[in-house]
>>> print(open('upload_2.cif').read())   # mmCIF, C-alpha atoms and all ligand atoms
data_work
#
loop_
_atom_site.label_atom_id
_atom_site.label_comp_id
_atom_site.auth_asym_id
_atom_site.auth_seq_id
_atom_site.Cartn_x
_atom_site.Cartn_y
_atom_site.Cartn_z
CA MET A 4 -13.80 27.52 118.68
CA ASP A 5 -11.37 29.14 121.07
CA THR A 6 -8.86 26.47 122.07
CA LYS A 7 -7.76 28.29 125.22
CA PRO A 8 -9.08 26.91 128.51
CA PRO A 9 -11.38 29.25 130.49
CA ARG A 10 -9.68 32.39 131.78
CA GLY A 11 -7.35 31.73 134.68
CA THR A 12 -7.40 27.94 134.29
CA ARG A 13 -4.69 25.63 133.01
CA ASP A 14 -4.53 22.68 130.70
CA PHE A 15 -2.14 19.96 131.72
CA PHE A 16 -0.62 18.51 128.57
CA PRO A 17 1.40 15.33 129.19
CA ASP A 18 4.62 17.36 129.65
CA ASP A 19 2.89 19.50 132.32
CA MET A 20 1.14 16.51 133.83
CA ARG A 21 4.43 14.67 134.35
CA LEU A 22 5.70 17.58 136.43
CA ARG A 23 2.45 17.74 138.38
CA THR A 24 2.44 13.99 139.04
CA TRP A 25 6.06 14.18 140.17
CA LEU A 26 5.24 17.05 142.57
CA PHE A 27 2.11 15.35 143.91
CA GLY A 28 4.13 12.15 144.34
CA HIS A 29 6.38 14.03 146.76
CA PHE A 30 3.34 15.52 148.56
CA ARG A 31 1.86 12.04 148.97
CA GLU A 32 5.10 10.37 149.93
CA VAL A 33 5.91 12.93 152.63
CA ALA A 34 2.36 12.70 154.02
CA ARG A 35 2.79 8.92 154.14
CA GLN A 36 6.15 9.27 155.94
CA TYR A 37 4.38 11.29 158.63
CA GLY A 38 1.50 8.82 158.95
CA PHE A 39 -1.21 11.00 157.40
CA GLU A 40 -4.18 9.49 155.55
CA GLU A 41 -5.56 10.91 152.32
CA TYR A 42 -9.12 12.23 152.07
CA ASP A 43 -11.11 14.23 149.52
CA ALA A 44 -14.32 16.27 149.34
CA PRO A 45 -16.45 17.77 146.56
CA VAL A 46 -15.01 20.72 144.67
CA VAL A 47 -18.45 22.40 144.94
CA GLU A 48 -19.77 23.16 148.38
CA THR A 49 -22.68 25.22 149.62
CA GLU A 50 -21.64 28.85 149.64
CA ASP A 51 -22.41 29.32 153.32
CA LEU A 52 -19.49 27.06 154.22
CA TYR A 53 -17.30 30.03 153.26
CA ILE A 54 -19.37 32.93 154.55
CA ARG A 55 -17.20 34.69 157.13
CA LYS A 56 -17.54 38.37 157.68
CA ALA A 57 -13.96 39.33 158.41
CA GLY A 58 -13.04 40.93 155.08
CA GLU A 59 -10.74 38.11 153.95
CA GLU A 60 -9.49 38.12 150.37
CA ILE A 61 -10.36 34.45 150.05
CA THR A 62 -14.08 34.98 150.75
CA GLY A 63 -14.15 38.19 148.71
CA GLN A 64 -13.02 36.23 145.68
CA LEU A 65 -15.44 33.35 146.06
CA TYR A 66 -16.18 31.52 142.80
CA ASN A 67 -19.89 31.27 143.56
CA PHE A 68 -23.08 30.72 141.58
CA ALA A 69 -26.67 29.48 141.83
CA ASP A 70 -27.57 26.00 140.53
CA LYS A 71 -30.77 25.29 138.55
CA LYS A 72 -32.80 25.20 141.77
CA GLY A 73 -31.34 28.52 142.90
CA ARG A 74 -29.14 26.93 145.60
CA ARG A 75 -26.09 29.05 146.39
CA LEU A 76 -22.93 27.03 145.72
CA ALA A 77 -19.22 27.81 145.46
CA LEU A 78 -16.12 26.15 144.09
CA ARG A 79 -13.93 25.59 147.13
CA PRO A 80 -11.33 28.35 147.63
CA GLU A 81 -9.60 26.28 150.32
CA MET A 82 -9.93 22.83 151.86
CA THR A 83 -10.17 23.53 155.59
CA PRO A 84 -13.94 24.25 155.71
CA SER A 85 -14.70 20.98 153.89
CA LEU A 86 -12.42 19.13 156.27
CA ALA A 87 -14.11 20.77 159.26
CA ARG A 88 -17.50 19.79 157.81
CA MET A 89 -16.34 16.19 157.41
CA ILE A 90 -15.00 16.08 160.98
CA LEU A 91 -18.33 17.43 162.25
CA ALA A 92 -20.25 14.93 160.10
CA LYS A 93 -18.60 12.08 162.01
CA GLY A 94 -19.68 13.60 165.32
CA GLY A 95 -17.72 12.01 168.13
CA ALA A 96 -17.12 8.82 166.14
CA LEU A 97 -13.64 9.74 164.92
CA LYS A 98 -10.73 8.54 166.93
CA LEU A 99 -8.56 11.57 167.66
CA PRO A 100 -6.05 12.73 166.72
CA VAL A 101 -6.98 12.82 163.06
CA LYS A 102 -4.00 13.29 160.73
CA TRP A 103 -5.28 13.73 157.21
CA PHE A 104 -3.99 15.18 153.97
CA SER A 105 -5.35 16.03 150.54
CA ILE A 106 -4.33 17.70 147.29
CA PRO A 107 -7.48 19.60 146.23
CA GLN A 108 -7.87 21.93 143.30
CA CYS A 109 -8.98 25.26 144.80
CA TRP A 110 -10.68 28.14 143.02
CA ARG A 111 -11.00 31.88 143.22
CA TYR A 112 -12.82 34.39 141.06
CA GLU A 113 -11.50 37.90 140.70
CA ARG A 114 -13.29 40.32 138.44
CA MET A 115 -9.97 42.03 137.68
CA THR A 116 -7.87 39.07 136.63
CA ARG A 117 -4.86 40.59 134.83
CA GLY A 118 -3.81 37.12 133.75
CA ARG A 119 -3.97 35.90 137.35
CA LYS A 120 -4.87 32.30 137.92
CA ARG A 121 -8.27 31.19 139.11
CA GLU A 122 -7.32 27.70 140.19
CA HIS A 123 -4.42 25.93 141.77
CA TYR A 124 -3.75 22.68 143.57
CA GLN A 125 -2.97 22.92 147.23
CA TRP A 126 -1.43 20.19 149.35
CA ASN A 127 -3.10 20.26 152.77
CA MET A 128 -2.01 18.50 155.95
CA ASP A 129 -4.11 18.90 159.09
CA VAL A 130 -4.12 17.56 162.61
CA PHE A 131 -7.32 17.53 164.69
CA GLY A 132 -7.31 16.74 168.38
CA VAL A 133 -3.85 17.94 169.47
CA PRO A 134 -3.93 21.18 171.50
CA GLY A 135 -0.17 21.75 171.88
CA VAL A 136 2.49 23.00 169.47
CA ALA A 137 3.86 19.45 169.03
CA ALA A 138 1.31 19.22 166.19
CA GLU A 139 2.59 22.39 164.51
CA VAL A 140 6.19 21.17 164.71
CA GLU A 141 5.20 17.90 163.07
CA LEU A 142 3.59 19.88 160.22
CA LEU A 143 6.64 22.13 159.91
CA ALA A 144 8.90 19.07 159.80
CA ALA A 145 6.76 17.63 156.98
CA ILE A 146 7.20 20.86 155.02
CA VAL A 147 10.97 20.75 155.58
CA THR A 148 11.10 17.08 154.56
CA PHE A 149 9.25 17.95 151.38
CA LEU A 150 11.48 20.92 150.50
CA THR A 151 14.60 18.86 151.25
CA ARG A 152 13.43 16.03 148.98
CA LEU A 153 13.15 18.53 146.15
CA GLY A 154 16.75 19.65 146.66
CA LEU A 155 16.05 22.88 148.57
CA SER A 156 17.87 23.83 151.75
CA SER A 157 17.44 26.27 154.63
CA ALA A 158 19.64 28.67 152.62
CA ASP A 159 16.92 28.77 149.95
CA VAL A 160 13.75 28.74 152.04
CA GLY A 161 12.85 29.98 155.50
CA ILE A 162 9.68 29.54 157.52
CA LYS A 163 8.44 32.56 159.45
CA ILE A 164 6.68 31.65 162.67
CA SER A 165 4.46 33.65 164.94
CA SER A 166 1.26 33.29 166.92
CA ARG A 167 -1.98 35.21 166.76
CA LYS A 168 -1.67 35.28 170.55
CA VAL A 169 1.12 37.88 170.13
CA LEU A 170 -1.19 40.47 168.63
CA GLN A 171 -4.04 39.26 170.83
CA GLY A 172 -1.87 39.90 173.90
CA VAL A 173 -1.29 43.50 172.87
CA LEU A 174 -4.58 44.46 171.21
CA VAL A 175 -7.18 42.54 173.22
CA ASP A 176 -5.55 41.93 176.60
CA ARG A 177 -3.71 45.29 176.84
CA LEU A 178 -5.50 47.79 174.65
CA GLY A 179 -9.04 46.53 175.11
CA VAL A 180 -9.87 45.70 171.48
CA PRO A 181 -13.10 43.68 171.70
CA GLU A 182 -12.68 39.91 171.23
CA ASP A 183 -15.05 39.81 168.24
CA LYS A 184 -13.03 42.47 166.44
CA PHE A 185 -9.78 40.55 166.70
CA ALA A 186 -10.16 38.29 163.62
CA PRO A 187 -11.08 41.19 161.29
CA VAL A 188 -8.15 43.18 162.70
CA CYS A 189 -5.79 40.28 161.88
CA VAL A 190 -7.16 40.12 158.34
CA LEU A 191 -6.52 43.84 158.07
CA VAL A 192 -3.03 43.55 159.55
CA ASP A 193 -2.24 40.92 156.91
CA LYS A 194 -2.80 43.66 154.30
CA LEU A 195 -0.66 46.22 156.13
CA GLU A 196 2.17 46.13 153.60
CA LYS A 197 -0.16 46.29 150.60
CA LEU A 198 -2.36 49.20 151.68
CA PRO A 199 -1.57 52.85 152.48
CA ARG A 200 -1.76 53.81 156.13
CA GLU A 201 -4.90 55.92 155.57
CA ALA A 202 -6.77 52.92 154.18
CA ILE A 203 -5.81 50.84 157.23
CA GLU A 204 -6.92 53.62 159.58
CA LYS A 205 -10.21 53.94 157.72
CA ASP A 206 -10.82 50.17 157.96
CA LEU A 207 -9.99 50.25 161.67
CA ALA A 208 -12.45 53.10 162.13
CA GLU A 209 -15.10 51.04 160.34
CA LEU A 210 -14.49 48.34 162.95
CA GLY A 211 -15.06 51.01 165.60
CA LEU A 212 -11.37 51.13 166.49
CA ASP A 213 -8.94 53.99 166.91
CA GLY A 214 -6.60 54.64 163.98
CA SER A 215 -3.75 55.20 166.43
CA LEU A 216 -3.72 51.41 167.02
CA VAL A 217 -1.68 51.20 163.81
CA ASP A 218 1.45 52.39 165.62
CA ARG A 219 1.07 49.79 168.38
CA ILE A 220 0.41 47.13 165.77
CA ILE A 221 3.49 48.04 163.70
CA GLU A 222 5.60 48.10 166.86
CA THR A 223 4.37 44.63 167.83
CA LEU A 224 4.87 43.21 164.34
CA SER A 225 8.50 44.35 164.33
CA ILE A 226 9.42 41.71 166.95
CA ARG A 227 11.93 39.24 165.53
CA ASP A 228 13.18 37.18 168.49
CA LEU A 229 12.05 35.48 171.68
CA ASP A 230 13.82 37.99 173.94
CA ALA A 231 11.97 40.94 172.44
CA LEU A 232 8.74 38.95 172.59
CA THR A 233 9.31 38.10 176.26
CA GLU A 234 10.02 41.76 176.91
CA ALA A 235 6.78 42.81 175.22
CA LEU A 236 4.44 40.23 176.76
CA GLY A 237 6.17 38.84 179.83
CA PRO A 238 7.64 35.34 180.26
CA GLU A 239 4.35 33.73 181.35
CA HIS A 240 2.34 34.82 178.33
CA GLU A 241 1.00 31.92 176.24
CA ALA A 242 2.39 33.39 173.02
CA VAL A 243 5.84 33.32 174.60
CA THR A 244 5.60 29.85 176.14
CA ASP A 245 4.06 28.38 172.95
CA LEU A 246 6.77 29.80 170.70
CA MET A 247 9.54 28.82 173.14
CA THR A 248 8.27 25.25 173.16
CA LEU A 249 7.92 25.28 169.38
CA PHE A 250 11.52 26.41 168.83
CA THR A 251 12.84 23.93 171.41
CA LEU A 252 11.00 21.08 169.66
CA ALA A 253 12.27 22.31 166.30
CA GLU A 254 15.85 21.90 167.56
CA ALA A 255 15.09 18.30 168.51
CA TYR A 256 13.60 17.66 165.03
CA GLY A 257 16.69 19.19 163.39
CA ILE A 258 14.63 21.78 161.52
CA ALA A 259 15.55 24.89 163.55
CA ASP A 260 17.74 26.31 160.74
CA TRP A 261 14.64 26.72 158.62
CA LEU A 262 12.63 28.65 161.20
CA VAL A 263 12.61 32.34 162.05
CA LEU A 264 10.41 34.07 164.56
CA ASP A 265 8.69 36.93 162.77
CA ALA A 266 5.77 38.64 164.46
CA SER A 267 4.73 40.32 161.20
CA VAL A 268 3.18 37.01 160.09
CA VAL A 269 -0.53 36.90 160.91
CA ARG A 270 -1.95 35.19 157.76
CA GLY A 271 -5.12 36.40 156.05
CA LEU A 272 -7.58 33.74 157.22
CA ALA A 273 -10.02 34.77 159.92
CA TYR A 274 -10.09 31.46 161.77
CA TYR A 275 -6.51 31.19 163.01
CA THR A 276 -6.26 31.36 166.79
CA GLY A 277 -2.65 30.48 167.66
CA THR A 278 0.52 29.59 165.78
CA VAL A 279 0.74 31.01 162.26
CA PHE A 280 3.50 30.36 159.78
CA GLU A 281 4.53 30.83 156.19
CA ALA A 282 7.45 29.59 154.12
CA PHE A 283 9.26 32.16 152.01
CA ASP A 284 11.95 32.25 149.35
CA ARG A 285 15.10 33.66 150.98
CA GLY A 286 15.92 35.17 147.58
CA ALA A 287 12.80 37.23 148.37
CA THR A 288 11.40 37.28 144.88
CA LEU A 289 8.32 35.11 145.23
CA ARG A 290 5.07 35.16 147.16
CA ALA A 291 4.66 32.86 150.18
CA ILE A 292 5.44 29.23 149.37
CA CYS A 293 2.97 27.82 151.86
CA GLY A 294 1.12 28.91 154.95
CA GLY A 295 -0.76 27.54 157.88
CA GLY A 296 -1.59 27.74 161.50
CA ARG A 297 -3.75 26.71 164.43
CA TYR A 298 -7.51 27.09 164.26
CA ASP A 299 -8.94 25.78 167.54
CA ARG A 300 -12.37 27.40 167.23
CA LEU A 301 -13.44 26.70 163.67
CA LEU A 302 -15.89 23.90 164.48
CA SER A 303 -18.00 26.06 166.81
CA THR A 304 -18.45 28.59 163.98
CA PHE A 305 -20.26 25.70 162.22
CA GLY A 306 -22.36 25.01 165.30
CA GLY A 307 -20.28 22.08 166.50
CA LYS A 308 -18.14 21.36 169.51
CA ASP A 309 -14.61 22.70 169.10
CA VAL A 310 -11.68 20.38 168.59
CA PRO A 311 -8.15 21.83 168.58
CA ALA A 312 -6.70 21.78 165.08
CA CYS A 313 -3.90 23.04 162.90
CA GLY A 314 -2.83 22.63 159.32
CA PHE A 315 -1.23 24.13 156.27
CA GLY A 316 -1.88 24.69 152.59
CA PHE A 317 0.95 24.41 150.08
CA GLY A 318 0.17 25.53 146.53
CA ASP A 319 1.57 24.01 143.34
CA VAL A 320 2.39 27.29 141.55
CA VAL A 321 4.94 29.15 143.67
CA ILE A 322 6.98 26.01 144.42
CA ALA A 323 7.11 25.19 140.69
CA GLU A 324 8.43 28.71 139.96
CA LEU A 325 11.04 28.39 142.70
CA LEU A 326 12.22 25.00 141.45
CA LYS A 327 12.50 26.34 137.90
CA ASP A 328 14.48 29.38 139.15
CA LYS A 329 16.87 27.09 141.02
CA GLY A 330 17.23 24.53 138.22
CA LEU A 331 15.72 21.82 140.41
CA VAL A 332 13.04 20.56 138.04
CA PRO A 333 14.10 17.07 136.92
CA GLU A 334 14.07 15.95 133.28
CA LEU A 335 10.85 14.00 133.19
CA THR A 336 10.50 12.11 129.94
CA SER A 337 7.63 10.18 128.53
CA THR A 338 8.52 6.53 128.25
CA CYS A 339 7.21 3.03 127.76
CA ASP A 340 8.90 -0.38 127.82
CA ASP A 341 7.98 -1.82 124.45
CA ILE A 342 6.80 -0.67 121.04
CA VAL A 343 5.05 -3.57 119.29
CA PHE A 344 5.02 -3.34 115.51
CA ALA A 345 3.56 -5.68 112.88
CA PHE A 346 5.33 -5.76 109.52
CA SER A 347 2.08 -6.21 107.63
CA GLU A 348 -1.65 -5.93 108.10
CA ASP A 349 -2.16 -9.69 108.22
CA LEU A 350 0.09 -9.83 111.31
CA ARG A 351 -1.98 -7.29 113.25
CA GLY A 352 -3.76 -10.06 115.22
CA ALA A 353 -0.37 -11.52 116.17
CA ALA A 354 0.88 -8.10 117.28
CA GLN A 355 -2.22 -7.68 119.48
CA GLN A 356 -1.56 -11.06 121.11
CA VAL A 357 2.07 -10.12 121.74
CA ALA A 358 1.10 -6.76 123.20
CA MET A 359 -1.45 -8.39 125.51
CA LYS A 360 1.07 -11.00 126.67
CA LEU A 361 3.66 -8.34 127.50
CA ARG A 362 1.03 -6.21 129.28
CA SER A 363 -0.02 -9.20 131.38
CA ALA A 364 3.62 -9.45 132.40
CA GLY A 365 3.37 -5.86 133.67
CA ARG A 366 5.20 -4.10 130.86
CA SER A 367 4.09 -0.79 129.41
CA VAL A 368 3.36 -1.45 125.74
CA ASP A 369 2.63 0.98 122.94
CA LEU A 370 1.08 -1.07 120.13
CA VAL A 371 1.37 0.59 116.72
CA LEU A 372 -2.22 0.83 115.50
CA GLN A 373 -1.75 2.32 112.05
CA LYS A 374 -0.28 1.00 108.85
CA LYS A 375 3.31 2.21 108.97
CA LYS A 376 6.76 1.50 107.56
CA MET A 377 9.54 -0.07 109.61
CA LYS A 378 11.49 3.20 109.58
CA TRP A 379 8.55 4.99 111.16
CA ALA A 380 8.49 2.42 113.98
CA TYR A 381 12.14 3.09 114.77
CA THR A 382 11.67 6.86 114.81
CA HIS A 383 8.55 6.44 116.95
CA ALA A 384 10.32 4.14 119.42
CA ASP A 385 13.09 6.70 119.73
CA ALA A 386 10.64 9.57 120.29
CA ARG A 387 8.80 7.57 122.99
CA GLY A 388 12.07 6.67 124.67
CA ALA A 389 11.08 3.00 124.52
CA ARG A 390 13.53 0.36 125.72
CA ARG A 391 12.64 -2.25 123.12
CA LEU A 392 11.10 -2.56 119.71
CA VAL A 393 9.17 -5.81 119.34
CA LEU A 394 8.75 -6.76 115.69
CA ILE A 395 6.22 -9.24 114.35
CA ALA A 396 7.61 -10.43 111.01
CA PRO A 397 6.08 -13.17 108.79
CA SER A 398 8.80 -15.86 108.77
CA GLU A 399 9.62 -15.49 112.48
CA TRP A 400 5.98 -15.50 113.50
CA GLU A 401 5.42 -18.69 111.52
CA GLN A 402 8.04 -20.28 113.78
CA GLY A 403 6.38 -18.83 116.88
CA LEU A 404 9.07 -16.18 117.31
CA VAL A 405 9.13 -12.40 117.73
CA ARG A 406 12.15 -10.23 117.02
CA ILE A 407 13.21 -8.02 119.89
CA LYS A 408 15.51 -5.06 119.33
CA ASP A 409 17.15 -3.60 122.39
CA LEU A 410 17.19 0.10 121.58
CA ALA A 411 19.82 0.96 124.17
CA THR A 412 22.44 -1.62 123.08
CA GLY A 413 21.36 -2.09 119.46
CA GLY A 414 21.35 -5.85 120.06
CA GLN A 415 18.59 -8.12 118.85
CA ALA A 416 17.21 -11.56 119.61
CA ASP A 417 14.42 -13.80 118.36
CA VAL A 418 12.35 -14.93 121.30
CA ALA A 419 9.61 -17.56 121.45
CA PHE A 420 6.14 -16.07 121.95
CA ASP A 421 5.50 -18.63 124.73
CA THR A 422 8.48 -17.44 126.75
CA LEU A 423 7.94 -13.70 126.30
CL1 LIG A 501 -5.48 30.17 142.00
C1 LIG A 501 -6.02 30.31 143.62
C2 LIG A 501 -7.19 29.70 144.00
C3 LIG A 501 -7.60 29.81 145.31
C4 LIG A 501 -5.26 31.03 144.50
C5 LIG A 501 -5.69 31.15 145.79
C6 LIG A 501 -6.86 30.55 146.18
C7 LIG A 501 -7.31 30.69 147.56
O1 LIG A 501 -6.78 29.66 148.32
#
>>> encode(input="upload_2.cif", output="structure tokens", more="lines below")
Ligand code: 4JL
Amino acid sequence: MDTKPPRGTRDFFPDDMRLRTWLFGHFREVARQYGFEEYDAPVVETEDLYIRKAGEEITGQLYNFADKKGRRLALRPEMTPSLARMILAKGGALKLPVKWFSIPQCWRYERMTRGRKREHYQWNMDVFGVPGVAAEVELLAAIVTFLTRLGLSSADVGIKISSRKVLQGVLVDRLGVPEDKFAPVCVLVDKLEKLPREAIEKDLAELGLDGSLVDRIIETLSIRDLDALTEALGPEHEAVTDLMTLFTLAEAYGIADWLVLDASVVRGLAYYTGTVFEAFDRGATLRAICGGGRYDRLLSTFGGKDVPACGFGFGDVVIAELLKDKGLVPELTSTCDDIVFAFSEDLRGAAQQVAMKLRSAGRSVDLVLQKKKMKWAYTHADARGARRLVLIAPSEWEQGLVRIKDLATGGQADVAFDTL
């Protein structure tokens, strides 16, 4: 058989798993520091949870299929719809605000894969029930706390901040773009750098919009500071007041060095309604490190009553590349406390008793299960990075003793089984 995992998926051998567990440990610990609770949902959902007609890449690459009854299902491409479903399922019973996090595996299916991945893990933190940008700043602070824990600084990573209300102010309020066309326009604007101008104009035309909007869009996206934004929209505009408050709060949190206003950020998800942000490598070699924003109207698209919400997704792949590039991946070695080794087959029962006693005491014990020579046990203990080798030898065992070799100091002692 082919030993490779399915195309675009990864195996996690113990060496890989140690890195993943280390990374997830930081995700969990930061979420805990910010008072977020962990939740989960099924990796398969009904396909219609992801049906949005805005031309998003994420829905275009849905990993979908029919089950044996012909029900349309999909592997989740993102967590937010499942979270929204869960919030709706509780009706009004949840005490708001909800601050929840998860680390789901998310899937995509591209026909043209070119060695691209089809799954990744994505740390999500979301807040439901807080309408103001205080929630966004809390999320941004969590991202900064995480990056800082890993040894990164604001010289390595920046977070671009904008609001969908910027483009909304220009396109909908000023230029009369219909409200229902705004989300698809944002999705299109997100692809502006990747597509030739003609393709953008054609897509705008398909939305019934004038291709000349491109110039106004590009002009708006070039805004890089609050003064220019105020000039473009006026000081009373919500985009301006929101972002001013956000940057003022960021100063108070001590995270302002990480943040840059950049109106070119719109994000590619249809449901964002306000603040949008993405973290980027200041070395400018990698794709976005994480992204998020405010999505105050998602629940009504599922037929529920809206609750203000915002959140982010932070993938495991780009951050791992960045940490490798910067030499910030720690040496994570496999280890256990004790190797327990019986000199002969007739002492196997004794070795099992010793192993169980040490395990009851909370130690991590690798019991040698095969018939092996003493020399092998030493080599094995070294390879496992064990602290101690616990030997069960005939004369000692007869006296109720086990021989303990301290592999760090080279010292040894005979210790009574009862006092182990
Ligand atoms: Cl590998 C991968 C899976 C899902 C990359 C992106 C997505 C969409 O969130």
>>> residues_around(input="upload_2.cif", residues="Asp421 (chain A)", least_positions_apart="2", cutoff="12 Å", atoms="all atoms listed in the file", output="NGL selection string")
:A and (356-357 or 360-361 or 400 or 402-405 or 417-419 or 423)
>>> residues_near_ligand(input="upload_2.cif", ligand="ligand LIG 501 (chain A)", cutoff="12 Å", atoms="only C-alpha atoms and all ligand atoms", output="count of residues only")
56
>>> axis_aligned_box(input="upload_2.cif", around="region 272-291 of chain A", padding_each_side="4 Å", output="JSON")
{"center_x": 2.9, "center_y": 33.4, "center_z": 156.3, "size_x": 34.0, "size_y": 15.7, "size_z": 30.8}
>>> atom_distance(input="upload_2.cif", atom1="CA of Ala242 (chain A)", atom2="CA of Val169 (chain A)")
5.5 Å
>>> closest_residue(input="upload_2.cif", among="A:Lys374, A:Arg152, A:Arg391, A:Arg35", to="Asp349 (chain A)", atoms="only C-alpha atoms")
A:Lys374
>>> atom_distance(input="upload_2.cif", atom1="CA of Thr336 (chain A)", atom2="CA of Glu32 (chain A)")
20.8 Å
>>> closest_residue(input="upload_2.cif", among="A:Asp409, A:Glu40, A:Glu348, A:Glu201", to="Asp385 (chain A)", atoms="only C-alpha atoms")
A:Asp409
>>> atom_distance(input="upload_2.cif", atom1="CA of Val175 (chain A)", atom2="CA of Asp230 (chain A)")
21.5 Å
>>> residues_around(input="upload_2.cif", residues="Phe149 (chain A)", least_positions_apart="4", cutoff="8 Å", atoms="only C-alpha atoms", output="ChimeraX atom specification")
/A:29-30,33,145,153
>>> closest_atom_pairs(input="upload_2.cif", of="region 97-181 of chain A", to="region 297-304 of chain A", cutoff="12 Å", atoms="only C-alpha atoms", output="CSV")
residue,atom,partner,partner_atom,distance
A:Met128,CA,A:Arg297,CA,11.9
A:Asp129,CA,A:Arg297,CA,9.5
A:Val130,CA,A:Arg297,CA,9.3
A:Phe131,CA,A:Asp299,CA,8.9
A:Gly132,CA,A:Asp299,CA,9.2
A:Val133,CA,A:Asp299,CA,9.5
A:Pro134,CA,A:Asp299,CA,7.9
A:Gly135,CA,A:Arg297,CA,9.6
A:Val136,CA,A:Arg297,CA,8.8
A:Ala137,CA,A:Arg297,CA,11.5
A:Ala138,CA,A:Arg297,CA,9.2
A:Glu139,CA,A:Arg297,CA,7.7
A:Val140,CA,A:Arg297,CA,11.4
A:Leu142,CA,A:Arg297,CA,10.9
A:Ile164,CA,A:Arg297,CA,11.7
A:Ser165,CA,A:Arg297,CA,10.8
A:Ser166,CA,A:Arg297,CA,8.6
A:Arg167,CA,A:Arg297,CA,9.0
A:Lys168,CA,A:Arg297,CA,10.7
>>> write_last_selection(input="upload_2.cif", atoms="C-alpha atoms", output="PDB file, in the frame of the given file")
ATOM      1  CA  MET A 128      -2.010  18.500 155.950  1.00  0.00           C
ATOM      2  CA  ASP A 129      -4.110  18.900 159.090  1.00  0.00           C
ATOM      3  CA  VAL A 130      -4.120  17.560 162.610  1.00  0.00           C
ATOM      4  CA  PHE A 131      -7.320  17.530 164.690  1.00  0.00           C
ATOM      5  CA  GLY A 132      -7.310  16.740 168.380  1.00  0.00           C
ATOM      6  CA  VAL A 133      -3.850  17.940 169.470  1.00  0.00           C
ATOM      7  CA  PRO A 134      -3.930  21.180 171.500  1.00  0.00           C
ATOM      8  CA  GLY A 135      -0.170  21.750 171.880  1.00  0.00           C
ATOM      9  CA  VAL A 136       2.490  23.000 169.470  1.00  0.00           C
ATOM     10  CA  ALA A 137       3.860  19.450 169.030  1.00  0.00           C
ATOM     11  CA  ALA A 138       1.310  19.220 166.190  1.00  0.00           C
ATOM     12  CA  GLU A 139       2.590  22.390 164.510  1.00  0.00           C
ATOM     13  CA  VAL A 140       6.190  21.170 164.710  1.00  0.00           C
ATOM     14  CA  LEU A 142       3.590  19.880 160.220  1.00  0.00           C
ATOM     15  CA  ILE A 164       6.680  31.650 162.670  1.00  0.00           C
ATOM     16  CA  SER A 165       4.460  33.650 164.940  1.00  0.00           C
ATOM     17  CA  SER A 166       1.260  33.290 166.920  1.00  0.00           C
ATOM     18  CA  ARG A 167      -1.980  35.210 166.760  1.00  0.00           C
ATOM     19  CA  LYS A 168      -1.670  35.280 170.550  1.00  0.00           C
TER      20      LYS A 168
END
>>> residues_near_point(input="upload_2.cif", point="(9.4, 39.7, 175.3)", cutoff="12 Å", atoms="only C-alpha atoms", output="ChimeraX atom specification")
/A:169,172-173,223,225-244,246-247,266
>>> build_atoms(input="upload_2.cif", residues="region 53-63 of chain A", atoms="N, CA and C atoms", output="short mmCIF file (atom, residue, chain, number, x, y, z; two decimals), in the coordinates of the input")
data_model
loop_
_atom_site.label_atom_id
_atom_site.label_comp_id
_atom_site.auth_asym_id
_atom_site.auth_seq_id
_atom_site.Cartn_x
_atom_site.Cartn_y
_atom_site.Cartn_z
N TYR A 53 -18.39 29.05 153.35
CA TYR A 53 -17.30 30.03 153.26
C TYR A 53 -17.71 31.44 153.67
N ILE A 54 -18.93 31.59 154.16
CA ILE A 54 -19.37 32.93 154.55
C ILE A 54 -18.78 33.28 155.92
N ARG A 55 -17.81 34.19 155.90
CA ARG A 55 -17.20 34.69 157.13
C ARG A 55 -17.10 36.19 156.91
N LYS A 56 -17.44 36.92 157.92
CA LYS A 56 -17.54 38.37 157.68
C LYS A 56 -16.34 39.15 158.21
N ALA A 57 -15.16 38.68 157.87
CA ALA A 57 -13.96 39.33 158.41
C ALA A 57 -13.18 40.10 157.35
N GLY A 58 -13.72 40.17 156.13
CA GLY A 58 -13.04 40.93 155.08
C GLY A 58 -11.87 40.22 154.43
N GLU A 59 -11.84 38.88 154.54
CA GLU A 59 -10.74 38.11 153.95
C GLU A 59 -10.78 38.17 152.43
N GLU A 60 -9.59 38.16 151.83
CA GLU A 60 -9.49 38.12 150.37
C GLU A 60 -10.14 36.84 149.84
N ILE A 61 -9.91 35.76 150.52
CA ILE A 61 -10.36 34.45 150.05
C ILE A 61 -11.89 34.37 149.92
N THR A 62 -12.62 35.01 150.83
CA THR A 62 -14.08 34.98 150.75
C THR A 62 -14.60 36.08 149.82
N GLY A 63 -13.80 37.13 149.65
CA GLY A 63 -14.15 38.19 148.71
C GLY A 63 -14.02 37.76 147.26
#
